[in-house]
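So this block is start-v8.pdb, PDB, C-alpha atoms:
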```
ATOM      1  CA  MET M  43      28.336  14.361   8.455
ATOM      2  CA  ASN M  44      26.393  17.610   8.795
ATOM      3  CA  ARG M  45      22.803  18.263   7.738
ATOM      4  CA  GLN M  46      23.850  19.773   4.406
ATOM      5  CA  GLN M  47      25.987  16.756   3.539
ATOM      6  CA  ILE M  48      23.218  14.360   4.553
ATOM      7  CA  PHE M  49      20.707  16.143   2.357
ATOM      8  CA  ALA M  50      23.151  16.271  -0.571
ATOM      9  CA  GLY M  51      23.491  12.469  -0.269
ATOM     10  CA  ILE M  52      19.716  12.018  -0.202
ATOM     11  CA  GLU M  53      19.324  14.335  -3.189
ATOM     12  CA  ALA M  54      21.878  12.335  -5.210
ATOM     13  CA  ILE M  55      20.071   9.055  -4.428
ATOM     14  CA  ALA M  56      16.683  10.571  -5.295
ATOM     15  CA  LYS M  57      17.910  11.967  -8.623
ATOM     16  CA  LYS M  58      19.303   8.555  -9.516
ATOM     17  CA  ILE M  59      15.880   6.987  -8.901
ATOM     18  CA  PHE M  60      13.534   9.715 -10.141
ATOM     19  CA  GLY M  61      15.740  11.322 -12.822
ATOM     20  CA  ASP M  62      18.359  14.098 -12.866
ATOM     21  CA  GLU M  63      15.795  16.728 -13.809
ATOM     22  CA  THR M  64      13.756  16.127 -10.641
ATOM     23  CA  ILE M  65      13.705  19.038  -8.215
ATOM     24  CA  ILE M  66      14.442  17.812  -4.704
ATOM     25  CA  THR M  67      14.002  20.074  -1.684
ATOM     26  CA  GLU M  68      13.424  19.328   2.003
ATOM     27  CA  GLU M  69       9.703  19.950   1.432
ATOM     28  CA  THR M  70       9.314  17.784  -1.689
ATOM     29  CA  THR M  71       6.746  14.998  -1.169
ATOM     30  CA  SER M  72       5.619  11.994  -3.190
ATOM     31  CA  ALA M  73       2.763  14.093  -4.584
ATOM     32  CA  ASP M  74       5.326  16.352  -6.292
ATOM     33  CA  ILE M  75       7.090  13.541  -8.181
ATOM     34  CA  GLU M  76       5.169  11.490 -10.714
ATOM     35  CA  LYS M  77       7.603   8.568 -10.583
ATOM     36  CA  TRP M  78       7.352   8.303  -6.775
ATOM     37  CA  ASP M  79       5.183   5.172  -6.578
ATOM     38  CA  SER M  80       5.306   2.440  -3.945
ATOM     39  CA  MET M  81       8.071   0.486  -5.695
ATOM     40  CA  ASN M  82      10.320   3.540  -6.057
ATOM     41  CA  HIS M  83       9.533   4.437  -2.448
ATOM     42  CA  VAL M  84      10.837   1.035  -1.368
ATOM     43  CA  ILE M  85      13.951   1.433  -3.562
ATOM     44  CA  LEU M  86      14.516   4.901  -2.073
ATOM     45  CA  ILE M  87      14.302   3.603   1.513
ATOM     46  CA  ALA M  88      16.533   0.594   0.840
ATOM     47  CA  THR M  89      19.167   2.720  -0.954
ATOM     48  CA  ILE M  90      19.197   5.369   1.772
ATOM     49  CA  GLU M  91      19.578   2.671   4.445
ATOM     50  CA  LYS M  92      22.484   1.148   2.518
ATOM     51  CA  GLU M  93      24.300   4.380   1.624
ATOM     52  CA  PHE M  94      24.013   5.868   5.124
ATOM     53  CA  ALA M  95      24.461   2.503   6.881
ATOM     54  CA  VAL M  96      21.335   2.942   8.992
ATOM     55  CA  THR M  97      18.236   0.847   9.589
ATOM     56  CA  LEU M  98      14.983   2.725   9.738
ATOM     57  CA  ASP M  99      12.316   1.409  12.077
ATOM     58  CA  ILE M 100       8.959   0.541  10.517
ATOM     59  CA  MET M 101       7.186   3.264  12.495
ATOM     60  CA  GLU M 102       9.803   5.770  11.283
ATOM     61  CA  ILE M 103       9.333   4.661   7.685
ATOM     62  CA  ILE M 104       5.582   5.066   7.657
ATOM     63  CA  GLY M 105       5.981   8.538   9.172
ATOM     64  CA  ILE M 106       8.063   9.764   6.227
ATOM     65  CA  ALA M 107       6.207  12.295   4.112
ATOM     66  CA  LYS M 108       8.920  14.484   2.560
ATOM     67  CA  PHE M 109      12.658  14.410   1.833
ATOM     68  CA  GLY M 110      13.383  16.539   4.914
ATOM     69  CA  ASP M 111      11.996  13.675   7.059
ATOM     70  CA  PHE M 112      14.699  11.333   5.707
ATOM     71  CA  ALA M 113      17.372  13.886   6.644
ATOM     72  CA  ASP M 114      15.842  14.281  10.143
ATOM     73  CA  LEU M 115      15.940  10.531  10.715
ATOM     74  CA  ILE M 116      19.520  10.066   9.506
ATOM     75  CA  GLU M 117      20.664  13.023  11.596
ATOM     76  CA  LYS M 118      18.920  11.495  14.628
ATOM     77  CA  LYS M 119      20.508   8.079  14.020
ATOM     78  CA  GLN M 120      23.960   9.653  13.676
ATOM     79  CA  ASN M 121      23.547  11.533  16.946
ATOM     80  CA  GLN M 122      22.461   8.320  18.676
ATOM     81  CA  CYS M 123      25.709   6.640  17.566
ATOM     82  CA  LYS M 124      27.927   9.408  18.973
TER
ATOM     83  CA  MET T 132     -18.712  -1.839  18.016
ATOM     84  CA  ASP T 133     -17.445  -4.918  19.860
ATOM     85  CA  ASN T 134     -14.532  -6.681  18.195
ATOM     86  CA  ILE T 135     -14.391  -4.038  15.532
ATOM     87  CA  GLU T 136     -10.667  -4.572  15.043
ATOM     88  CA  VAL T 137     -11.363  -8.196  14.120
ATOM     89  CA  GLU T 138     -14.119  -7.033  11.780
ATOM     90  CA  ILE T 139     -11.811  -4.541  10.085
ATOM     91  CA  ARG T 140      -9.219  -7.267   9.525
ATOM     92  CA  ASN T 141     -11.707  -9.927   8.440
ATOM     93  CA  ASN T 142     -13.420  -7.700   5.897
ATOM     94  CA  LEU T 143     -10.069  -6.964   4.275
ATOM     95  CA  TYR T 144      -9.072 -10.631   4.187
ATOM     96  CA  GLU T 145     -12.512 -11.757   2.998
ATOM     97  CA  PHE T 146     -12.336  -9.208   0.203
ATOM     98  CA  TYR T 147      -9.039 -10.652  -1.025
ATOM     99  CA  ASP T 148     -10.453 -14.176  -0.665
ATOM    100  CA  CYS T 149     -13.414 -13.086  -2.754
ATOM    101  CA  VAL T 150     -11.053 -11.761  -5.403
ATOM    102  CA  ALA T 151      -9.161 -15.043  -5.346
ATOM    103  CA  GLN T 152     -11.939 -17.574  -5.111
ATOM    104  CA  ASN T 153     -14.687 -16.063  -7.217
ATOM    105  CA  CYS T 154     -12.687 -14.637 -10.067
ATOM    106  CA  GLY T 155     -10.718 -17.619 -11.258
ATOM    107  CA  ILE T 156      -7.503 -16.542  -9.649
ATOM    108  CA  TYR T 157      -5.232 -19.088  -8.085
ATOM    109  CA  SER T 158      -5.334 -19.083  -4.307
ATOM    110  CA  GLU T 159      -3.232 -21.253  -2.075
ATOM    111  CA  LYS T 160      -4.118 -21.234   1.576
ATOM    112  CA  GLN T 161      -1.703 -22.142   4.353
ATOM    113  CA  ASP T 162      -2.109 -21.957   8.098
ATOM    114  CA  HIS T 163      -1.067 -18.367   8.416
ATOM    115  CA  TRP T 164      -0.999 -16.936   4.966
ATOM    116  CA  SER T 165      -2.615 -17.184   1.566
ATOM    117  CA  VAL T 166      -1.503 -16.282  -1.916
ATOM    118  CA  ILE T 167      -3.495 -14.648  -4.648
ATOM    119  CA  LYS T 168      -1.878 -14.923  -8.023
ATOM    120  CA  ASN T 169      -2.639 -13.307 -11.339
ATOM    121  CA  ILE T 170      -0.659 -12.392 -14.429
ATOM    122  CA  PRO T 171       2.419 -10.127 -14.283
ATOM    123  CA  LYS T 172       1.910  -6.353 -14.378
ATOM    124  CA  VAL T 173      -1.750  -6.723 -13.496
ATOM    125  CA  TRP T 174      -3.237  -6.248 -10.031
ATOM    126  CA  PRO T 175      -3.237  -8.373  -7.985
ATOM    127  CA  ARG T 176      -0.047 -10.043  -9.180
ATOM    128  CA  ILE T 177       0.379 -11.922  -5.940
ATOM    129  CA  ILE T 178      -0.822 -10.819  -2.555
ATOM    130  CA  TYR T 179       0.014 -12.467   0.716
ATOM    131  CA  ARG T 180      -2.100 -11.660   3.674
ATOM    132  CA  ILE T 181      -0.138 -12.412   6.760
ATOM    133  CA  ASN T 182      -1.086 -13.454  10.218
ATOM    134  CA  THR T 183       1.831 -12.289  12.294
ATOM    135  CA  GLU T 184       1.855 -15.528  14.259
ATOM    136  CA  ILE T 185       3.690 -16.839  11.212
ATOM    137  CA  VAL T 186       7.108 -16.069  12.689
ATOM    138  CA  GLU T 187       6.462 -18.387  15.588
ATOM    139  CA  GLN T 188       5.161 -21.238  13.491
ATOM    140  CA  LYS T 189       6.582 -23.842  11.134
ATOM    141  CA  SER T 190       4.707 -22.142   8.331
ATOM    142  CA  SER T 191       7.320 -19.374   8.357
ATOM    143  CA  ILE T 192       9.764 -21.867   6.807
ATOM    144  CA  ILE T 193       7.286 -22.778   4.065
ATOM    145  CA  PHE T 194       6.607 -19.111   3.508
ATOM    146  CA  ALA T 195      10.321 -18.300   3.219
ATOM    147  CA  GLU T 196      10.881 -21.183   0.796
ATOM    148  CA  LYS T 197       7.978 -20.024  -1.331
ATOM    149  CA  VAL T 198       9.416 -16.532  -1.577
ATOM    150  CA  LYS T 199      12.927 -17.787  -2.343
ATOM    151  CA  SER T 200      11.574 -19.996  -5.128
ATOM    152  CA  GLY T 201      10.303 -16.867  -6.891
ATOM    153  CA  SER T 202       6.727 -16.850  -5.691
ATOM    154  CA  TYR T 203       7.050 -13.445  -4.112
ATOM    155  CA  PRO T 204       4.131 -11.076  -3.691
ATOM    156  CA  GLU T 205       3.581  -7.718  -5.313
ATOM    157  CA  LEU T 206       2.127  -6.565  -2.057
ATOM    158  CA  LEU T 207       2.244  -8.017   1.410
ATOM    159  CA  ILE T 208      -0.244  -6.918   4.035
ATOM    160  CA  SER T 209       0.495  -7.458   7.694
ATOM    161  CA  GLY T 210      -1.634  -6.709  10.716
ATOM    162  CA  ASP T 211      -0.147  -4.746  13.600
ATOM    163  CA  GLU T 212       0.078  -7.570  16.130
ATOM    164  CA  ASN T 213       3.765  -8.080  17.004
ATOM    165  CA  ILE T 214       4.860  -5.978  14.046
ATOM    166  CA  GLN T 215       8.214  -5.158  15.660
ATOM    167  CA  LEU T 216       8.910  -8.894  15.730
ATOM    168  CA  VAL T 217       7.624  -9.632  12.240
ATOM    169  CA  ASP T 218       9.272  -6.702  10.467
ATOM    170  CA  PRO T 219      12.864  -8.053  10.701
ATOM    171  CA  PHE T 220      11.635 -11.422   9.388
ATOM    172  CA  PHE T 221      10.062  -9.801   6.334
ATOM    173  CA  ARG T 222      13.175  -7.710   5.707
ATOM    174  CA  THR T 223      15.386 -10.786   5.799
ATOM    175  CA  LEU T 224      13.278 -12.173   2.963
ATOM    176  CA  GLY T 225      13.595  -8.952   0.945
ATOM    177  CA  PHE T 226      10.360  -7.138   1.826
ATOM    178  CA  TYR T 227      10.453  -3.442   2.618
ATOM    179  CA  PRO T 228       7.667  -1.515   4.313
ATOM    180  CA  PHE T 229       6.423   1.488   2.366
ATOM    181  CA  SER T 230       3.139   2.514   3.860
ATOM    182  CA  ALA T 231       0.472   1.768   6.428
ATOM    183  CA  TRP T 232      -3.283   1.762   6.437
ATOM    184  CA  LYS T 233      -5.356   2.733   9.430
ATOM    185  CA  GLY T 234      -8.349   0.486   9.965
ATOM    186  CA  MET T 235     -11.353   2.771  10.503
ATOM    187  CA  ALA T 236     -15.007   2.104  11.233
ATOM    188  CA  PHE T 237     -18.242   4.050  10.991
ATOM    189  CA  LYS T 238     -21.343   3.216  12.983
ATOM    190  CA  ASN T 239     -24.425   3.522  10.858
ATOM    191  CA  SER T 240     -27.093   5.994  11.782
ATOM    192  CA  PHE T 241     -30.533   5.704  10.205
ATOM    193  CA  ASP T 242     -31.120   9.457  10.287
ATOM    194  CA  MET T 243     -28.274  10.183   7.896
ATOM    195  CA  VAL T 244     -29.251  12.570   5.142
ATOM    196  CA  LEU T 245     -28.388  11.770   1.550
ATOM    197  CA  PRO T 246     -26.136  14.625   0.386
ATOM    198  CA  GLN T 247     -27.488  16.899  -2.317
ATOM    199  CA  LEU T 248     -25.381  16.423  -5.420
ATOM    200  CA  PRO T 249     -24.622  19.441  -7.635
ATOM    201  CA  GLU T 250     -26.095  19.158 -11.142
ATOM    202  CA  THR T 251     -22.597  18.645 -12.552
ATOM    203  CA  VAL T 252     -22.028  15.555 -10.361
ATOM    204  CA  LYS T 253     -23.469  12.075 -10.863
ATOM    205  CA  ILE T 254     -22.719   8.862  -8.967
ATOM    206  CA  VAL T 255     -23.227   5.727 -11.057
ATOM    207  CA  ARG T 256     -22.851   1.973 -10.608
ATOM    208  CA  CYS T 257     -19.964   1.124 -12.893
ATOM    209  CA  GLU T 258     -21.291  -1.241 -15.570
ATOM    210  CA  SER T 259     -20.565   0.032 -19.075
ATOM    211  CA  ALA T 260     -17.226  -0.636 -20.771
ATOM    212  CA  ASP T 261     -16.478   3.095 -20.841
ATOM    213  CA  ASP T 262     -17.188   3.520 -17.106
ATOM    214  CA  MET T 263     -15.020   0.495 -16.351
ATOM    215  CA  ASP T 264     -12.148   1.947 -18.394
ATOM    216  CA  GLN T 265     -12.384   5.244 -16.532
ATOM    217  CA  TRP T 266     -12.545   3.450 -13.149
ATOM    218  CA  ILE T 267      -9.489   1.347 -14.004
ATOM    219  CA  GLN T 268      -7.534   4.364 -15.228
ATOM    220  CA  ILE T 269      -8.124   6.287 -11.980
ATOM    221  CA  VAL T 270      -7.425   3.330  -9.657
ATOM    222  CA  THR T 271      -4.322   2.365 -11.603
ATOM    223  CA  SER T 272      -2.768   5.820 -11.732
ATOM    224  CA  GLU T 273      -3.704   6.927  -8.218
ATOM    225  CA  LEU T 274      -3.431   3.714  -6.204
ATOM    226  CA  ILE T 275      -1.674   0.722  -7.707
ATOM    227  CA  ALA T 276       0.781   1.881 -10.400
ATOM    228  CA  PRO T 277       3.049   0.490 -11.779
ATOM    229  CA  VAL T 278       0.735  -2.549 -11.949
ATOM    230  CA  GLN T 279      -2.619  -2.199 -13.660
ATOM    231  CA  PHE T 280      -6.093  -3.265 -12.588
ATOM    232  CA  ASP T 281      -7.298  -6.159 -14.743
ATOM    233  CA  LYS T 282     -10.436  -5.336 -16.767
ATOM    234  CA  VAL T 283     -11.605  -8.959 -16.835
ATOM    235  CA  LEU T 284     -11.240  -9.101 -13.067
ATOM    236  CA  LEU T 285     -13.222  -5.886 -12.638
ATOM    237  CA  GLY T 286     -15.974  -7.307 -14.869
ATOM    238  CA  ASN T 287     -16.060 -10.453 -12.744
ATOM    239  CA  LEU T 288     -16.172  -8.447  -9.523
ATOM    240  CA  ILE T 289     -19.047  -6.312 -10.822
ATOM    241  CA  ASP T 290     -21.020  -9.516 -11.441
ATOM    242  CA  GLN T 291     -20.472 -10.780  -7.884
ATOM    243  CA  SER T 292     -23.296 -10.380  -5.423
ATOM    244  CA  GLY T 293     -22.129  -8.333  -2.480
ATOM    245  CA  ILE T 294     -19.844  -6.156  -4.588
ATOM    246  CA  GLU T 295     -20.775  -2.716  -5.897
ATOM    247  CA  VAL T 296     -18.422  -0.630  -8.013
ATOM    248  CA  TYR T 297     -19.016   3.137  -8.150
ATOM    249  CA  LEU T 298     -17.798   5.975 -10.311
ATOM    250  CA  LEU T 299     -18.414   9.643  -9.493
ATOM    251  CA  LYS T 300     -18.671  11.724 -12.642
ATOM    252  CA  TYR T 301     -18.087  15.450 -12.902
ATOM    253  CA  ASN T 302     -19.428  16.976 -16.118
ATOM    254  CA  GLY T 303     -19.789  13.461 -17.502
ATOM    255  CA  LYS T 304     -16.201  12.376 -16.843
ATOM    256  CA  GLY T 305     -15.184   9.917 -14.126
ATOM    257  CA  VAL T 306     -13.153  11.573 -11.357
ATOM    258  CA  SER T 307     -13.599   9.419  -8.207
ATOM    259  CA  THR T 308     -13.845   5.666  -7.609
ATOM    260  CA  MET T 309     -14.987   3.236  -4.951
ATOM    261  CA  LEU T 310     -15.650  -0.477  -4.551
ATOM    262  CA  VAL T 311     -18.044  -1.684  -1.837
ATOM    263  CA  PHE T 312     -17.594  -5.185  -0.443
ATOM    264  CA  ASN T 313     -20.424  -6.505   1.728
ATOM    265  CA  SER T 314     -19.490  -9.338   4.062
ATOM    266  CA  GLU T 315     -22.072 -10.924   6.363
ATOM    267  CA  THR T 316     -21.021  -8.735   9.268
ATOM    268  CA  SER T 317     -19.655  -5.510   7.785
ATOM    269  CA  THR T 318     -19.439  -3.337   4.698
ATOM    270  CA  GLY T 319     -15.959  -2.513   3.441
ATOM    271  CA  LEU T 320     -15.070   0.449   1.250
ATOM    272  CA  TYR T 321     -12.136  -0.125  -1.114
ATOM    273  CA  PHE T 322     -10.331   1.634  -3.970
ATOM    274  CA  ILE T 323     -11.395   5.115  -2.959
ATOM    275  CA  ALA T 324      -9.413   7.341  -5.298
ATOM    276  CA  THR T 325      -9.695  10.653  -7.095
ATOM    277  CA  LYS T 326      -8.023  11.626 -10.348
ATOM    278  CA  LYS T 327      -5.010  13.857  -9.643
ATOM    279  CA  THR T 328      -6.439  16.805 -11.606
ATOM    280  CA  ALA T 329      -9.704  16.675  -9.619
ATOM    281  CA  GLN T 330      -8.279  16.288  -6.111
ATOM    282  CA  ARG T 331      -9.025  18.677  -3.217
ATOM    283  CA  GLN T 332     -12.445  19.575  -4.628
ATOM    284  CA  GLY T 333     -14.507  17.349  -2.322
ATOM    285  CA  PHE T 334     -15.420  14.613  -4.820
ATOM    286  CA  ALA T 335     -14.218  11.673  -2.680
ATOM    287  CA  LYS T 336     -16.018  13.179   0.317
ATOM    288  CA  LEU T 337     -19.256  13.415  -1.683
ATOM    289  CA  LEU T 338     -18.904   9.831  -2.879
ATOM    290  CA  VAL T 339     -18.244   8.457   0.623
ATOM    291  CA  GLN T 340     -21.111  10.497   2.139
ATOM    292  CA  HIS T 341     -23.428   9.223  -0.576
ATOM    293  CA  ILE T 342     -22.516   5.581   0.100
ATOM    294  CA  LEU T 343     -22.736   6.071   3.891
ATOM    295  CA  SER T 344     -26.253   7.466   3.745
ATOM    296  CA  GLN T 345     -27.348   4.966   1.092
ATOM    297  CA  ASN T 346     -26.035   2.131   3.249
ATOM    298  CA  ALA T 347     -27.716   3.489   6.371
ATOM    299  CA  ARG T 348     -31.073   2.999   4.665
ATOM    300  CA  LYS T 349     -30.580  -0.723   4.107
ATOM    301  CA  SER T 350     -28.287  -2.045   6.827
ATOM    302  CA  ASN T 351     -27.057  -1.421  10.343
ATOM    303  CA  LEU T 352     -23.732  -3.172   9.826
ATOM    304  CA  PRO T 353     -20.602  -1.124  10.509
ATOM    305  CA  LEU T 354     -18.797   0.400   7.539
ATOM    306  CA  ILE T 355     -15.081  -0.101   7.550
ATOM    307  CA  LEU T 356     -12.171   1.062   5.442
ATOM    308  CA  HIS T 357      -8.401   1.029   5.434
ATOM    309  CA  ALA T 358      -7.118   4.576   5.122
ATOM    310  CA  THR T 359      -3.777   5.947   4.027
ATOM    311  CA  LYS T 360      -2.253   8.725   6.107
ATOM    312  CA  THR T 361      -3.680  11.322   3.711
ATOM    313  CA  GLY T 362      -7.147   9.798   3.777
ATOM    314  CA  GLU T 363      -7.331   9.405   7.548
ATOM    315  CA  ALA T 364      -8.100  13.079   8.194
ATOM    316  CA  LEU T 365     -10.887  13.108   5.597
ATOM    317  CA  TYR T 366     -12.543   9.971   6.982
ATOM    318  CA  SER T 367     -12.261  11.244  10.563
ATOM    319  CA  LYS T 368     -14.178  14.357   9.535
ATOM    320  CA  LEU T 369     -16.874  12.095   8.054
ATOM    321  CA  GLY T 370     -17.294  10.275  11.378
ATOM    322  CA  PHE T 371     -14.989   7.263  10.979
ATOM    323  CA  LYS T 372     -13.045   6.243  14.095
ATOM    324  CA  PRO T 373      -9.477   4.875  13.898
ATOM    325  CA  PHE T 374      -8.680   1.398  15.218
ATOM    326  CA  ASN T 375      -5.915  -1.021  14.175
ATOM    327  CA  GLN T 376      -3.139  -0.595  11.661
ATOM    328  CA  PHE T 377      -2.001  -2.582   8.609
ATOM    329  CA  PHE T 378       1.513  -2.426   7.217
ATOM    330  CA  LEU T 379       2.234  -2.722   3.510
ATOM    331  CA  TYR T 380       5.406  -4.276   2.141
ATOM    332  CA  ARG T 381       6.815  -4.684  -1.326
ATOM    333  CA  TYR T 382       9.364  -7.220  -2.442
ATOM    334  CA  LEU T 383      12.618  -5.665  -3.564
ATOM    335  CA  ASN T 384      14.211  -8.069  -5.983
ATOM    336  CA  ALA T 385      17.128  -5.889  -6.993
ATOM    337  CA  ASN T 386      20.798  -5.360  -6.312
ATOM    338  CA  LEU T 387      21.056  -1.784  -5.141
TER
END
```
Translate this structure into structure tokens?
Amino acid sequence: MNRQQIFAGIEAIAKKIFGDETIITEETTSADIEKWDSMNHVILIATIEKEFAVTLDIMEIIGIAKFGDFADLIEKKQNQCK
Amino acid sequence: MDNIEVEIRNNLYEFYDCVAQNCGIYSEKQDHWSVIKNIPKVWPRIIYRINTEIVEQKSSIIFAEKVKSGSYPELLISGDENIQLVDPFFRTLGFYPFSAWKGMAFKNSFDMVLPQLPETVKIVRCESADDMDQWIQIVTSELIAPVQFDKVLLGNLIDQSGIEVYLLKYNGKGVSTMLVFNSETSTGLYFIATKKTAQRQGFAKLLVQHILSQNARKSNLPLILHATKTGEALYSKLGFKPFNQFFLYRYLNANL
């Protein structure tokens, strides 16, 4: 899966949680999305882990600030598996 | 600042104990954890504070049973000791990490100058019903949504000795909040928040500076707080030093 495909997957998950009208870019942060509270953050992490079949380390999770960070982590995990 | 990490942890735990014990909220203490329970949709629904030794003790079984029986917390706070060991245990039970707080401390200095407030800014002790409503609205929307801060609980906290609740007003409207919890050995700053529309204008900084200098005049106890990633930079600039970390979990009771 390339970077573009990874981000498309993340975008689809995010739109499902935050609404189809939500604009998702690599730079989008929780401050940009009103519905991005702690519960939705947890749902987002759990869904991404499930859909991409990865487990994010706690230190990785707390370092996430924007959608691009999710893509970076998944890309890194995929490369580690190769 | 000897044992400041212990102080940072104890102030946080004592604050939650104060909420539980003095405000009529059910609290059940076990060896390595305690539960604070309130009504649904209102903060604090249930909070577990966790000593990470739990995973090595029999109490982990009791804890797991409690969670499985439906007594799961809205928020779970874990210290950073052995977090890599504890994290998988929490996840097995359905808890996901979502954030971390950095424990920070400030050493009082008696020569601190009280900051000059602009005429448009006033800092008040939150006592009137209107001030309480504004305080709750800011804390709820900026810190604890989707649950709401309980007004009765806030009223009870305001009446407690050792607790001070502040509201910073700009042009007469509340924009920033803070709750001060004084333990015997430290002063903890909690619920520091600024209304979204008033952020990045220095209101939280003014409020913290005001409390720091006010506190310096009456006590030499360290001031501690638990900062989010965003807040850490602000508090560092104000002279707070980072120490230990606290991890926040939420229970995910859903089929994804």
Since I can't run it myself right now, could you work out what the PyMOL selection byres ((chain M) within 12 of (chain T)) selects here and report it as a PyMOL selection string? chain M and resi 55+58-59+72-74+76-93+97-107
Output file for the selection above: C-alpha atoms, as an mmCIF file, in the frame of the given file:
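Output file selection_25.cif follows:
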```cif
data_model
loop_
_atom_site.group_PDB
_atom_site.id
_atom_site.type_symbol
_atom_site.label_atom_id
_atom_site.label_comp_id
_atom_site.auth_asym_id
_atom_site.auth_seq_id
_atom_site.Cartn_x
_atom_site.Cartn_y
_atom_site.Cartn_z
ATOM 1 C CA ILE M 55 20.071 9.055 -4.428
ATOM 2 C CA LYS M 58 19.303 8.555 -9.516
ATOM 3 C CA ILE M 59 15.880 6.987 -8.901
ATOM 4 C CA SER M 72 5.619 11.994 -3.190
ATOM 5 C CA ALA M 73 2.763 14.093 -4.584
ATOM 6 C CA ASP M 74 5.326 16.352 -6.292
ATOM 7 C CA GLU M 76 5.169 11.490 -10.714
ATOM 8 C CA LYS M 77 7.603 8.568 -10.583
ATOM 9 C CA TRP M 78 7.352 8.303 -6.775
ATOM 10 C CA ASP M 79 5.183 5.172 -6.578
ATOM 11 C CA SER M 80 5.306 2.440 -3.945
ATOM 12 C CA MET M 81 8.071 0.486 -5.695
ATOM 13 C CA ASN M 82 10.320 3.540 -6.057
ATOM 14 C CA HIS M 83 9.533 4.437 -2.448
ATOM 15 C CA VAL M 84 10.837 1.035 -1.368
ATOM 16 C CA ILE M 85 13.951 1.433 -3.562
ATOM 17 C CA LEU M 86 14.516 4.901 -2.073
ATOM 18 C CA ILE M 87 14.302 3.603 1.513
ATOM 19 C CA ALA M 88 16.533 0.594 0.840
ATOM 20 C CA THR M 89 19.167 2.720 -0.954
ATOM 21 C CA ILE M 90 19.197 5.369 1.772
ATOM 22 C CA GLU M 91 19.578 2.671 4.445
ATOM 23 C CA LYS M 92 22.484 1.148 2.518
ATOM 24 C CA GLU M 93 24.300 4.380 1.624
ATOM 25 C CA THR M 97 18.236 0.847 9.589
ATOM 26 C CA LEU M 98 14.983 2.725 9.738
ATOM 27 C CA ASP M 99 12.316 1.409 12.077
ATOM 28 C CA ILE M 100 8.959 0.541 10.517
ATOM 29 C CA MET M 101 7.186 3.264 12.495
ATOM 30 C CA GLU M 102 9.803 5.770 11.283
ATOM 31 C CA ILE M 103 9.333 4.661 7.685
ATOM 32 C CA ILE M 104 5.582 5.066 7.657
ATOM 33 C CA GLY M 105 5.981 8.538 9.172
ATOM 34 C CA ILE M 106 8.063 9.764 6.227
ATOM 35 C CA ALA M 107 6.207 12.295 4.112
#
```
When you draw a straight line from CA of Glu69 in chain M to CA of Phe109 in chain M, how long is it in Å?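 Spanning CA of Glu69 in chain M to CA of Phe109 in chain M is a straight-line distance of 6.3 Å.
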Selection under test: the PyMOL selection byres ((chain T and resi 209) around 6); residues as a ChimeraX atom specification: /T:181,208,210,377-378
Expand the PyMOL selection byres ((chain M and resi 52) around 8) into the explicit residue set it covers here, and present it as a VMD selection string. chain M and resid 48 to 51 53 to 56 90 109 112 to 113
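Taking CA of Ser344 in chain T and CA of Asn239 in chain T as endpoints, the distance between them is 8.3 Å.
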Pairwise distance for CA of Pro353 in chain T and CA of Val244 in chain T, rounded to one decimal in Å: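 Between CA of Pro353 in chain T and CA of Val244 in chain T the gap is 17.1 Å.
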Name all residues at most 12 Å from Arg45 in chain M (count only C-alpha atoms; drop same-chain ones fewer than 6 positions away) and give them as a list in words.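 So, after excluding close chain neighbours, the residues are Gly51, Ile52, Glu68, Gly110, Asp111, Phe112, Ala113, Asp114, Leu115, Ile116, Glu117, Lys118, Gln120 and Asn121 of chain M.
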Report as JSON the centre and the edge lengths, in Å to one decimal, of the axis-aligned box holding every listed atom of range 105-115 of chain M, padded by 6 Å on each side.
```
{"center_x": 11.7, "center_y": 12.5, "center_z": 6.3, "size_x": 23.4, "size_y": 20.0, "size_z": 20.9}
```
Write out as an NGL selection string which residues come within 10 Å of Glu138 in chain T when counting all atoms listed in the file, dropping same-chain ones fewer than 2 positions away. :T and (132-136 or 140-144 or 234 or 236 or 314 or 316-319 or 353-355)
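Take the candidates T:Ala195, T:Gln247, T:Ser292, T:Val137 and check each one against Asp211 in chain T using all atoms listed in the file; the shortest distance goes to T:Val137.
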Within 6 Å of range 253-266 of chain T using only C-alpha atoms, minus same-chain residues under 5 positions, as a list in words: Val296, Tyr297, Leu298, Leu299, Lys300 and Gly305 of chain T
